[in-house]
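Asks: What follows is a single structure, and I will ask about it in a moment.
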Amino acid sequence: MSAHATSGKPVSRRPQAKLVMPALMALELIVATVAAVPLALPGCPEACGRVTVPYPFGFRQGCFHAGFNLTCDHTRHPPKLLLGDGVEVDAISLADGTVRVQSKTVSATWSDPIRNDTRTPSLINSNGSWVGGLTGTGGQQLAVSSEHNVFVVIGCNFIGYLVAPDPFRSAPEHISACAALCDRSPGTELEEYTSCSGVGCCRTMFKGDLDNTEAVYQVMFKHLVHDTEVVYPAWDTPSESVAAFIVDREWFNGNAGVMLNNTFGSYDHHWGSLSPVAVPTVLIWWLEQDRDRDIVFYDPNVSHWRCLSLNSVVTYVNGFAIRCSCLDGYEGNPYMRQGCQDIDECLQPGVYPCHGTCINMPGTYRCSAKKRIINLPGLITIIAIAAGFSLLFSVLGIAQVTKKLKKQRAKKFRQKFFKKNHGLLLQQLISSNKDIAEKMKIFSLEELEQATNKFDHNRVLGGGGHGTVYKGILSDQRVVAIKKAKIVVQREIDQFINEVVILSQTNHRHVVKLFGCCLETEVPLLVYEFISNGTLLYHLHGQSENPLSWKDRLKIALETARAIAYLHSAASISVYHRDIKCANILLTDTLTAKVSDFGASRSIAIDETGILTAIQGTYGYLDPEYYYTTRLTEKSDVYSFGVILAELLTRVTPVFSSHSSESTSLASHFVSLIRDNRFLDILDTQIVEEGGAEDAEVIARLTEACLSLKGEERPTMRQVETTLEDVQNLKVNLSSQITRVNQSAINAQSYKGSKGSEGTRLYSLEKEFIHSSEIPR
């Protein structure tokens, strides 16, 4: 990737022109403002495909100045403009004196042969050409712009060097260098890249101008493993790759994130390879007095140097490099005869304002004021208008003051609700617990109003037993679900606060994540991860076009069981959900289960096996023992989960109408059929067709155990999880599995006793917050 040209002249130094705007934008602006002024010589095409080709450039014989010949490849669609031996040109700017081309990256592979498990770094020298084909194109002055471009290296744990030969030294001169580091181990997931900041990618400026038109710039890579440098042969086994390129700075600023994510999306930083890609690179071009006398000459009539156009002027770069531009008041192509045409300022009042009569003049315009005769009626009119404006400003001032007072009042209300909803205590809890602080954020009401378009009804996703759920898009582009209570009562507020406390202590892939909450409203708002595929209730009993397969149902049952088992025995606080049902199990696009809605949940002390509390739950899922004794235990969630298993096996709702038109409980009906050996009478025929009847019988026996009327006879959720894992892994033995299910109650108590050593307990501050938000019994 070198920037060089053969001109037959000694090497010279030329500073870069100041970048006014990206080359493509500058070209579009020129075309828009001088649409009526030709940019090419008479009879010559002005464009190749989508690229405008202004003189002195051209691609037909007689249409270009010596040394500025290009090629238009009409075999492509659309036609492509090429420089030299095939470099594609994106844009040419007369104003900036730049040509933007498509250049390829230079990539190299670090070989890692297995030699006694010792990894030795390699120093790789790579010759390439960012603007290949400049040599032999007629001697035009073209070079890589060090002001418009940056040097970029992409890879993991590599240093990239840009070097140039120095005839006075044996070692080459270092033009630029930067290091791209990675701190991930092989096989780990790569985070999303948003910029080139040194991790996986680095970028840097150049030490000086890349203006040596005879130089061949080289790229050298060094892997950061050991200090020894060994060059491996090209046929060695590839292990890691690195790429470098010179790229248009402004283009890279806007495309770095997309480019890096596309690169690393198919690139394992330990064993991958980087394929060459095309990036835009900005070149600069110029004229010289000695060489370009047919375009640039001294005009004694105006006593200054100019180009072919009469109304042009020469700009000197470092005393000899020349660039032409039109004089003020003129526009067009200064490199052509009559190329700079007068601007009619009177036709552009927005750019050239005139409050009188506009008169266009060569290179400028004159604005003459209109004579006015002020008489008495006119004076009265002026006074009336002034009085009207004064009244208008007064009204606007009053409205502004009123608006400001309303804002102050709303702010006081938000502060009041924040304190009422335990906001200060929650802030203290988050600040004192690093784990909670990393998972949760306290959002402002303004943020959530902006995310939901002020809670537009078109953003409503659905409504649960404890609130309405809206779809929102946060300022960082995360899509979230925002829950808002329906009824403003203290019970609902306490349930929302309870859910914040519960979810802030949990971290499980099958429990819906809580990103944060807003406490500035009368009822707090909760912000969850957005789950796009609806609820298990919809897929089982709704109008879903694709019924769940037996394999998917078994997977959902196992993931739900894992989440509940985690809540019971592995979370930092033991949690009884108290409202396990299909409507509270959300499914992702890949049918991954997420347990949600913890408004009714209760946290349990480590030495407790149950608590007395007010009855709460959903009819059809409610544990009969809990209903009659008001004693909530972990076996209450087991019973509710048993109802879900029955739904998965039968696709029958928890409460259905029998032939006698009376409501029948699925739980009691299912257990009755199992005990009468009539399981196939209620089993979903789809399961039988898919060949899952044998596995389904094991799940049916497990369901029967979960639906025992006595909680002590039910298995624990960890035992339920183990049984479901065996079935899914095809390790099930029908007779032994049924025996295990029947013995689950015996093991339940011993399992419960082992729970005390798992997890960490809440500190006193967290307990105080939990006790302050418990649901009244």
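Note on naming: chains are A, B, ... as they come in the structure tokens, residues start from 1 per chain, ligands start from 1 in the order shown.
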Within 8 Å of segment 609-619 of chain A, counting only C-alpha atoms, which residues qualify if same-chain residues fewer than 3 places away don't, as a count of residues only?

Replies: 15

Asks: Please provide as a list in words all residues within 9 Å of Thr71 of chain A, with the sequence filter that same-chain residues fewer than 6 positions apart are discarded (counting only C-alpha atoms).

Replies: Cys48, Gly58, Phe59, Arg60, Lys80, Leu81, Leu82, Leu83, Gly84, Asp85 and Gly86 of chain A

Asks: Store the residues of this selection in a file with N, CA and C atoms, as a compact mmCIF listing (two decimals), in the first residue's frame.

Replies:
```txt
# COMPACT_ATOMS: atom_id res chain seq x y z
N CYS A 48 -18.33 9.61 -15.60
CA CYS A 48 -18.19 8.17 -15.87
C CYS A 48 -18.99 7.47 -14.80
N GLY A 58 -9.72 13.53 -17.42
CA GLY A 58 -10.55 13.07 -18.51
C GLY A 58 -10.18 11.65 -18.89
N PHE A 59 -11.03 11.01 -19.70
CA PHE A 59 -10.74 9.62 -20.06
C PHE A 59 -10.86 9.38 -21.57
N ARG A 60 -11.07 10.43 -22.36
CA ARG A 60 -11.05 10.30 -23.81
C ARG A 60 -9.87 11.10 -24.35
N LYS A 80 -17.30 2.21 -14.25
CA LYS A 80 -16.40 2.56 -13.16
C LYS A 80 -15.25 3.42 -13.70
N LEU A 81 -14.88 4.47 -12.94
CA LEU A 81 -13.76 5.33 -13.30
C LEU A 81 -12.51 4.77 -12.64
N LEU A 82 -11.45 4.54 -13.41
CA LEU A 82 -10.26 3.88 -12.91
C LEU A 82 -9.05 4.78 -13.06
N LEU A 83 -8.12 4.64 -12.12
CA LEU A 83 -6.87 5.38 -12.11
C LEU A 83 -5.74 4.39 -12.37
N GLY A 84 -4.91 4.68 -13.33
CA GLY A 84 -3.75 3.82 -13.59
C GLY A 84 -4.15 2.42 -14.00
N ASP A 85 -3.66 1.40 -13.27
CA ASP A 85 -3.87 0.01 -13.67
C ASP A 85 -5.05 -0.63 -12.95
N GLY A 86 -6.05 0.15 -12.55
CA GLY A 86 -7.26 -0.47 -12.04
C GLY A 86 -7.74 0.01 -10.69
```

Asks: Need to verify the contact set: Trp285 of chain A, 9 Å, only C-alpha atoms, exclusion of same-chain residues closer than 6 positions in sequence. Can you return it as a PyMOL selection string?

Replies: chain A and resi 97-99+140-143+323

Asks: Might you pull out every residue within 9 Å of segment 640-654 of chain A, with only C-alpha atoms counted and same-chain residues fewer than 3 positions away left off, and present them as a PyMOL selection string?

Replies: chain A and resi 537+540-541+550+553-554+557+560-561+564+578-582+619-623+635-637+664-667+670+682-685+687+696+699-700+702-707+717

Asks: Let me see the file: selected residues, N, CA and C atoms, as a compact mmCIF listing (two decimals), in the first residue's frame.

Replies:
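That gives us out-v8.txt:
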```
# COMPACT_ATOMS: atom_id res chain seq x y z
N LEU A 537 -48.50 -18.89 27.15
CA LEU A 537 -49.96 -18.97 27.06
C LEU A 537 -50.41 -18.79 25.62
N LEU A 540 -49.49 -21.91 23.48
CA LEU A 540 -50.23 -23.13 23.79
C LEU A 540 -51.72 -23.01 23.50
N HIS A 541 -52.31 -21.87 23.88
CA HIS A 541 -53.76 -21.74 23.82
C HIS A 541 -54.23 -20.61 22.91
N TRP A 550 -43.13 -31.24 20.54
CA TRP A 550 -42.88 -31.87 21.85
C TRP A 550 -41.46 -31.54 22.32
N ARG A 553 -41.56 -28.07 23.74
CA ARG A 553 -42.27 -28.03 25.03
C ARG A 553 -41.39 -28.57 26.16
N LEU A 554 -40.68 -29.65 25.88
CA LEU A 554 -39.81 -30.22 26.89
C LEU A 554 -38.68 -29.25 27.24
N ALA A 557 -40.14 -26.48 29.42
CA ALA A 557 -40.39 -26.98 30.77
C ALA A 557 -39.10 -27.05 31.57
N THR A 560 -37.77 -23.47 32.43
CA THR A 560 -38.58 -22.87 33.48
C THR A 560 -38.27 -23.50 34.82
N ALA A 561 -38.12 -24.84 34.86
CA ALA A 561 -37.79 -25.53 36.10
C ALA A 561 -36.45 -25.07 36.63
N ILE A 564 -36.95 -21.65 38.35
CA ILE A 564 -37.63 -21.72 39.65
C ILE A 564 -36.72 -22.38 40.68
N ARG A 578 -44.90 -17.38 43.66
CA ARG A 578 -46.30 -17.27 44.09
C ARG A 578 -47.28 -17.02 42.94
N ASP A 579 -46.81 -16.89 41.70
CA ASP A 579 -47.74 -16.71 40.58
C ASP A 579 -47.16 -17.36 39.31
N ILE A 580 -46.67 -18.60 39.45
CA ILE A 580 -46.15 -19.33 38.30
C ILE A 580 -47.33 -19.72 37.40
N LYS A 581 -47.31 -19.28 36.13
CA LYS A 581 -48.35 -19.62 35.16
C LYS A 581 -47.82 -19.37 33.76
N CYS A 582 -48.52 -19.89 32.75
CA CYS A 582 -48.06 -19.77 31.36
C CYS A 582 -47.96 -18.31 30.93
N TYR A 619 -56.31 -18.36 39.74
CA TYR A 619 -57.20 -19.52 39.83
C TYR A 619 -56.83 -20.54 38.76
N GLY A 620 -56.76 -21.79 39.18
CA GLY A 620 -56.33 -22.86 38.28
C GLY A 620 -54.89 -23.25 38.51
N TYR A 621 -54.07 -22.33 39.02
CA TYR A 621 -52.67 -22.60 39.33
C TYR A 621 -52.42 -22.61 40.84
N LEU A 622 -53.37 -22.13 41.64
CA LEU A 622 -53.17 -21.90 43.06
C LEU A 622 -53.07 -23.20 43.82
N ASP A 623 -52.07 -23.32 44.68
CA ASP A 623 -51.85 -24.49 45.52
C ASP A 623 -53.00 -24.65 46.52
N LYS A 635 -43.14 -25.53 47.91
CA LYS A 635 -43.96 -26.53 47.24
C LYS A 635 -45.20 -25.90 46.59
N SER A 636 -45.53 -24.66 46.97
CA SER A 636 -46.63 -23.96 46.30
C SER A 636 -46.26 -23.67 44.85
N ASP A 637 -45.00 -23.24 44.60
CA ASP A 637 -44.53 -23.04 43.23
C ASP A 637 -44.46 -24.36 42.48
N THR A 664 -64.17 -27.09 35.17
CA THR A 664 -63.41 -28.23 35.70
C THR A 664 -61.95 -27.83 35.81
N SER A 665 -61.31 -28.24 36.90
CA SER A 665 -59.89 -27.97 37.10
C SER A 665 -59.06 -28.98 36.33
N LEU A 666 -58.12 -28.49 35.51
CA LEU A 666 -57.25 -29.38 34.76
C LEU A 666 -56.42 -30.25 35.69
N ALA A 667 -55.98 -29.69 36.83
CA ALA A 667 -55.13 -30.44 37.75
C ALA A 667 -55.84 -31.68 38.27
N PHE A 670 -56.62 -34.18 35.40
CA PHE A 670 -55.41 -34.85 34.92
C PHE A 670 -55.01 -35.97 35.88
N ILE A 682 -56.21 -37.96 27.30
CA ILE A 682 -56.06 -36.50 27.38
C ILE A 682 -54.76 -36.01 26.77
N LEU A 683 -53.83 -36.93 26.46
CA LEU A 683 -52.55 -36.53 25.88
C LEU A 683 -52.77 -35.88 24.52
N ASP A 684 -52.05 -34.77 24.24
CA ASP A 684 -52.14 -34.07 22.96
C ASP A 684 -51.70 -35.02 21.84
N THR A 685 -52.53 -35.14 20.82
CA THR A 685 -52.23 -36.08 19.73
C THR A 685 -50.95 -35.72 18.98
N ILE A 687 -48.13 -34.90 20.26
CA ILE A 687 -47.02 -35.57 20.94
C ILE A 687 -46.93 -37.02 20.50
N ALA A 696 -43.51 -38.72 27.39
CA ALA A 696 -44.63 -37.98 27.96
C ALA A 696 -45.21 -38.70 29.17
N ILE A 699 -43.14 -37.71 32.10
CA ILE A 699 -43.49 -36.35 32.52
C ILE A 699 -44.85 -36.34 33.20
N ALA A 700 -45.77 -37.20 32.74
CA ALA A 700 -47.10 -37.26 33.36
C ALA A 700 -47.00 -37.73 34.80
N LEU A 702 -44.38 -37.37 36.70
CA LEU A 702 -43.78 -36.23 37.40
C LEU A 702 -44.84 -35.17 37.70
N THR A 703 -45.72 -34.92 36.72
CA THR A 703 -46.80 -33.96 36.92
C THR A 703 -47.72 -34.40 38.05
N GLU A 704 -48.05 -35.68 38.10
CA GLU A 704 -48.92 -36.22 39.15
C GLU A 704 -48.30 -35.97 40.53
N ALA A 705 -46.96 -36.17 40.62
CA ALA A 705 -46.29 -35.94 41.90
C ALA A 705 -46.32 -34.46 42.28
N CYS A 706 -46.12 -33.56 41.28
CA CYS A 706 -46.14 -32.12 41.57
C CYS A 706 -47.54 -31.67 42.02
N LEU A 707 -48.61 -32.35 41.54
CA LEU A 707 -49.98 -31.94 41.84
C LEU A 707 -50.55 -32.64 43.06
N MET A 717 -38.10 -28.47 43.32
CA MET A 717 -37.88 -28.04 41.94
C MET A 717 -36.54 -28.54 41.41
```

Asks: Find the residue from A:Thr109, A:Gly160, A:His669, A:Ser708 that sits nearest to Asp681 of chain A; use only C-alpha atoms when measuring.

Replies: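 Once distances to Asp681 of chain A are computed over only C-alpha atoms, the minimum belongs to A:His669.
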
Asks: List the spatial neighbours of Arg50 of chain A as number ranges by chain - criterion: any atom at most 9 Å away, only C-alpha atoms, same-chain residues fewer than 3 positions off excluded.

Replies: A: 47, 78-81, 90-91

Asks: How close does each residue of segment 551-600 of chain A get to segment 469-481 of chain A, giving the shortest atom pair and distance in Å to one decimal for every residue with an atom at most 12 Å away, counting only C-alpha atoms, sorted by chain and residue number, as a tab-separated table?

Replies:
```
residue	atom	partner	partner_atom	distance
A:Leu586	CA	A:Ala481	CA	12.0
A:Ser596	CA	A:Ala481	CA	11.6
A:Asp597	CA	A:Val469	CA	11.0
```

Asks: Please provide the set of residues having any atom within 12 Å of Asn301 of chain A, restricted to only C-alpha atoms, with same-chain residues fewer than 4 positions apart removed, written as a compact mmCIF listing (two decimals) with N, CA and C atoms, in the first residue's frame.

Replies:
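Generated file (selection11.txt):
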```txt
# COMPACT_ATOMS: atom_id res chain seq x y z
N PHE A 297 -0.15 30.43 -16.14
CA PHE A 297 0.76 31.43 -16.73
C PHE A 297 0.55 32.77 -16.03
N TRP A 305 -0.44 35.55 -11.41
CA TRP A 305 -0.54 34.26 -12.10
C TRP A 305 -1.98 33.77 -12.04
N ARG A 306 -2.42 33.15 -13.13
CA ARG A 306 -3.76 32.59 -13.16
C ARG A 306 -3.77 31.34 -14.03
N LEU A 310 -10.17 33.37 -17.30
CA LEU A 310 -9.79 34.77 -17.09
C LEU A 310 -10.01 35.19 -15.65
N ASN A 311 -11.08 34.69 -15.03
CA ASN A 311 -11.44 35.11 -13.67
C ASN A 311 -10.99 34.10 -12.62
```

Asks: Per DSSP on the backbone, what are the alpha helix (DSSP H) residues of segment 625-685 of chain A, as a ChimeraX atom specification?

Replies: /A:625-629,634-650,666-675,685

Asks: Of the candidates A:Phe64, A:Phe443, A:Phe57, A:Phe151, which one gets nearest to Val89 of chain A if we count only C-alpha atoms?

Replies: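 For Val89 of chain A, the nearest of the given residues is A:Phe57.
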